[in-house]
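I have placed the structure first, in the form of structure tokens, so that the comments after it can refer back to it.
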Amino acid sequence: MRKRTRLANKGSAVFRKTFSVALFFLLVTTVAEAQVYVLDFRDEKAMRPYRKYAFQYGDKVVLAGEVVLGLKVDGDNISWSTGGTLQVILLDPANPSPAPYKLVKGQRAGISRSRVAEFTGREVGNISRLTRDHDLHSLAKEYELRQAALEDLEKSGKKLERGTEEAERWHQRLLLHTARYQRWLQQVGFGSAASKLTKDLKKLRRSGYSMPDIVSIDVPPELSTLAETLLGDADAFAIRQSPHIRITYLKSAITEADVDPVLIFAEELIDAVRLDFILVYDEEGYEDWIPDEVFKEYYFGPEGKEPHKTIWERYYRRNWGPNLERSLASKGTRTTRGRTIPYIDYWRTDKLDYYDVTAHGLGHALADLHFNKWRRNEPLAWVSEAFAYYLSLSNLGRSNTFCQAYRESRYAGEKTEGGGASYGGEEAIHRSALELDTPIDTLSTKQLAQMAPAEVAKGVSFFLYLVDQEGLSGQLLLRSGCDQATKSQSFLEPWRGEARKLFEVEEGKDPLAVLDARWREWVKKRIGEK
């Protein structure tokens, strides 16, 4: 009987004189929409009473927080009255925890007066989202989980003998997880807290870490000819390449200085997956299917319809399928049948979140490699989507990239009663998954377009459970599911048999149902529910 192994890294003011807060605190406010916003001001003088909460965001100094009064949100449209009042519970960039209020039956209670600000609408120049499906309470909780996971990883290396292969792997994991933690803090507005990790990262990098080599690749004549014909510029594109990733990009939209950090980010994700999912286990027959060569290409091209259509057809030699206009309206597409590189993500560059699309696309490729042994047929659709979400959420704290099949389904954008959609912060995903709670065997028979948002959430949540809690057995369960689903449409019974052996479930009990029950208990503990 194979011994179950667990992963070592579980998880994983001053007020204006004119501001009266009495009425605000007499009321217990309801958390109507879990979002944190960035507020950019016409004049920085408006921020002076709250300067301890201000931080650099792009090229501007801003405040962030939950806008609890005066904001109108309709989808992606955010508006407010210039003659009205905006009340904001502020995010503290230096102190992610504790939250500035408690949640009592879904309502804010005990709001910290020092974290509340008020502005006139005319003082605010712009408001944009910092996070989706996160409020200050859930950010504080996720911070505590991430901090605890990093501390657990640090402790796990104290007894290792220096200079051993195991110690070297632990050191590399600690470096990558510290970098991930810092990146998450920066992405969700806690820049001051993130800066405290800089010294630790420098020390870790001095101890044997080397940055991946990044080189320029000559643009193939075929692409240069197309660029001359379609864009009037044969020199429109450039190519940069790291050990596993190639980026072909439009030079007028993104520069080499922007591309190289994305390549480094992608290589860190690959290293972390190798260390956390594969090398942490010493198990005979547990192969590493991630190749030591370039296996993924990202194309970041022009916005125009004709070049977007033609380069995909003539340079990458792929077709758009039966719904051409609908496909062309999308920001991007993907193939697992590239001419020279197996996995290709093809994107327009306008307003593109390069880090999110890189993490999401890499998650699909790594799911195919690690769990599906490079078969590229996605027999368990939820596993591929869950890995994509996992990489975005764990490294960026957000996942706003949607696959076309899901976006076009009748479920896309829906919300289950009382809950959130299947993207956003980890807590939002867990809560959404619990609401519908489709059994994992039922979910495993569905394609992505057949899944409701809560079912996508269930897949992500169950994946996080297996990664955090079930160690090697969880990894082998996912590999077994892909194996069995490839062999036959009637794969559930043989998969149950494999699950019974992996998790030592007694005869007479459904092992997948047992895992569902374990997942449910883990999720409730994770989000603080009984």
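In the structure tokens, the first chain shown is A, the next is B, and so on; residue numbers restart at 1 for each chain, and ligands run from 1 in the order shown.
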Sort by chain and increasing residue number a table of all residues of range 179-281 of chain A within 7 Å of range 305-317 of chain A, each with its closest pair of atoms and their distance in Å to one decimal, counting only C-alpha atoms, and write it as a Markdown table.
```
| residue | atom | partner | partner_atom | distance |
| --- | --- | --- | --- | --- |
| A:Glu222 | CA | A:Tyr315 | CA | 6.8 |
| A:Leu223 | CA | A:Tyr315 | CA | 6.3 |
| A:Leu230 | CA | A:Pro307 | CA | 5.9 |
```
Could you write out the selected residues, including N, CA and C atoms, as a CSV table (one decimal), in the first residue's frame?
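Okay, this is what ended up in out.csv:
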```csv
chain,number,residue,atom,x,y,z
A,222,GLU,N,8.7,34.7,-42.7
A,222,GLU,CA,7.3,34.6,-43.0
A,222,GLU,C,6.5,35.6,-42.2
A,223,LEU,N,6.8,35.7,-40.9
A,223,LEU,CA,6.1,36.7,-40.1
A,223,LEU,C,6.4,38.1,-40.5
A,230,LEU,N,0.5,43.5,-43.8
A,230,LEU,CA,-0.7,43.8,-43.0
A,230,LEU,C,-0.5,45.1,-42.2
```
Problem - Spatial neighbours of range 277-281 of chain A, max dist 9 Å, only C-alpha atoms, sep filter under 2 positions, as a list in words - result: Thr5, Leu7, Ala8, Glu166, Arg169, Trp170, Ala272, Val273, Arg274, Leu275, Glu283, Tyr286, Glu287, Asp288, His370, Val467, Gly471, Leu472 and Gln475 of chain A
Practice task
Would you mind telling me which residue in A:Leu477, A:Leu352, A:Ala433, A:Leu153 lies nearest to Leu380 in chain A when using only C-alpha atoms?
Solution key: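 Result for the nearest residue to Leu380 in chain A: A:Leu477.
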Problem - Best match for closeness to Thr486 in chain A among A:Phe55, A:Asn319, A:Val73, A:Pro379, counting only C-alpha atoms - result: A:Pro379
Handout entry: From A:Val104, A:Val215, A:Ile245, A:Ala94, residue lying nearest Ala193 in chain A [only C-alpha atoms]
Key = A:Ala94
Practice task
Identify, with DSSP run on backbone atoms, the residues in range 195-404 of chain A assigned to alpha helix (DSSP H), and express the list as number ranges by chain.
Solution key: A: 195, 198-206, 221-231, 256-273, 305-314, 324-329, 354-370, 381-396, 404
Residues of the last selection are to be written out with C-alpha atoms, as a short mmCIF file (atom, residue, chain, number, x, y, z; two decimals), in the first residue's frame.
```
data_model
loop_
_atom_site.label_atom_id
_atom_site.label_comp_id
_atom_site.auth_asym_id
_atom_site.auth_seq_id
_atom_site.Cartn_x
_atom_site.Cartn_y
_atom_site.Cartn_z
CA SER A 195 8.77 45.72 0.69
CA THR A 198 12.93 42.42 -0.17
CA LYS A 199 15.88 41.82 2.17
CA ASP A 200 14.88 38.17 2.67
CA LEU A 201 14.62 37.65 -1.08
CA LYS A 202 18.04 39.20 -1.72
CA LYS A 203 19.57 36.87 0.86
CA LEU A 204 17.85 33.83 -0.64
CA ARG A 205 18.93 34.76 -4.17
CA ARG A 206 22.56 35.20 -3.09
CA PRO A 221 10.83 35.80 -42.66
CA GLU A 222 7.26 34.56 -43.04
CA LEU A 223 6.09 36.67 -40.10
CA SER A 224 8.09 39.70 -41.26
CA THR A 225 6.48 39.45 -44.71
CA LEU A 226 3.02 39.31 -43.17
CA ALA A 227 3.85 42.28 -40.93
CA GLU A 228 4.93 44.29 -43.98
CA THR A 229 1.73 43.39 -45.85
CA LEU A 230 -0.70 43.84 -42.97
CA LEU A 231 0.95 46.58 -40.89
CA GLU A 256 11.49 44.23 -24.30
CA ALA A 257 11.69 45.75 -20.81
CA ASP A 258 8.08 44.63 -20.25
CA VAL A 259 8.44 41.22 -21.89
CA ASP A 260 11.45 39.98 -19.92
CA PRO A 261 9.77 40.22 -16.48
CA VAL A 262 6.84 38.21 -17.87
CA LEU A 263 9.27 35.51 -19.04
CA ILE A 264 10.94 35.45 -15.62
CA PHE A 265 7.51 35.22 -14.00
CA ALA A 266 6.60 32.24 -16.21
CA GLU A 267 9.87 30.47 -15.43
CA GLU A 268 9.29 30.97 -11.70
CA LEU A 269 5.85 29.39 -12.06
CA ILE A 270 7.32 26.38 -13.86
CA ASP A 271 10.07 26.00 -11.24
CA ALA A 272 7.53 26.22 -8.42
CA VAL A 273 5.26 23.59 -10.01
CA LYS A 305 -9.23 42.43 -37.11
CA GLU A 306 -7.43 41.61 -40.36
CA PRO A 307 -3.93 41.06 -38.94
CA HIS A 308 -5.42 39.18 -36.00
CA LYS A 309 -7.24 36.86 -38.40
CA THR A 310 -4.53 36.45 -41.02
CA ILE A 311 -1.47 35.84 -38.83
CA TRP A 312 -3.27 33.02 -37.03
CA GLU A 313 -4.18 31.41 -40.34
CA ARG A 314 -1.04 31.96 -42.40
CA LEU A 324 -15.46 33.01 -37.37
CA GLU A 325 -17.01 36.32 -36.28
CA ARG A 326 -17.54 35.16 -32.73
CA SER A 327 -13.98 33.87 -32.53
CA LEU A 328 -12.52 37.08 -33.96
CA ALA A 329 -14.43 39.11 -31.38
CA TYR A 354 0.04 40.00 -19.42
CA TYR A 355 0.72 38.32 -16.10
CA ASP A 356 -2.77 36.90 -15.69
CA VAL A 357 -3.01 35.53 -19.25
CA THR A 358 0.50 34.07 -18.88
CA ALA A 359 -0.35 32.28 -15.64
CA HIS A 360 -3.73 31.06 -16.92
CA GLY A 361 -2.37 29.74 -20.21
CA LEU A 362 0.62 28.13 -18.54
CA GLY A 363 -1.75 26.40 -16.11
CA HIS A 364 -3.53 24.69 -19.02
CA ALA A 365 -0.23 23.57 -20.56
CA LEU A 366 1.19 22.30 -17.26
CA ALA A 367 -2.03 20.45 -16.43
CA ASP A 368 -1.75 18.71 -19.78
CA LEU A 369 1.92 17.88 -19.22
CA HIS A 370 1.92 16.97 -15.55
CA ALA A 381 -11.81 19.58 -18.23
CA TRP A 382 -12.13 20.78 -14.63
CA VAL A 383 -8.53 19.75 -13.86
CA SER A 384 -7.11 21.87 -16.67
CA GLU A 385 -9.23 24.89 -15.75
CA ALA A 386 -8.47 24.47 -12.05
CA PHE A 387 -4.71 24.41 -12.64
CA ALA A 388 -5.05 27.63 -14.67
CA TYR A 389 -6.94 29.31 -11.82
CA TYR A 390 -4.51 27.91 -9.25
CA LEU A 391 -1.49 29.55 -10.91
CA SER A 392 -3.23 32.93 -11.23
CA LEU A 393 -4.75 32.94 -7.76
CA SER A 394 -1.69 31.69 -5.88
CA ASN A 395 0.71 34.05 -7.64
CA LEU A 396 -1.38 37.12 -8.42
CA GLN A 404 -13.76 30.84 -24.72
#
```
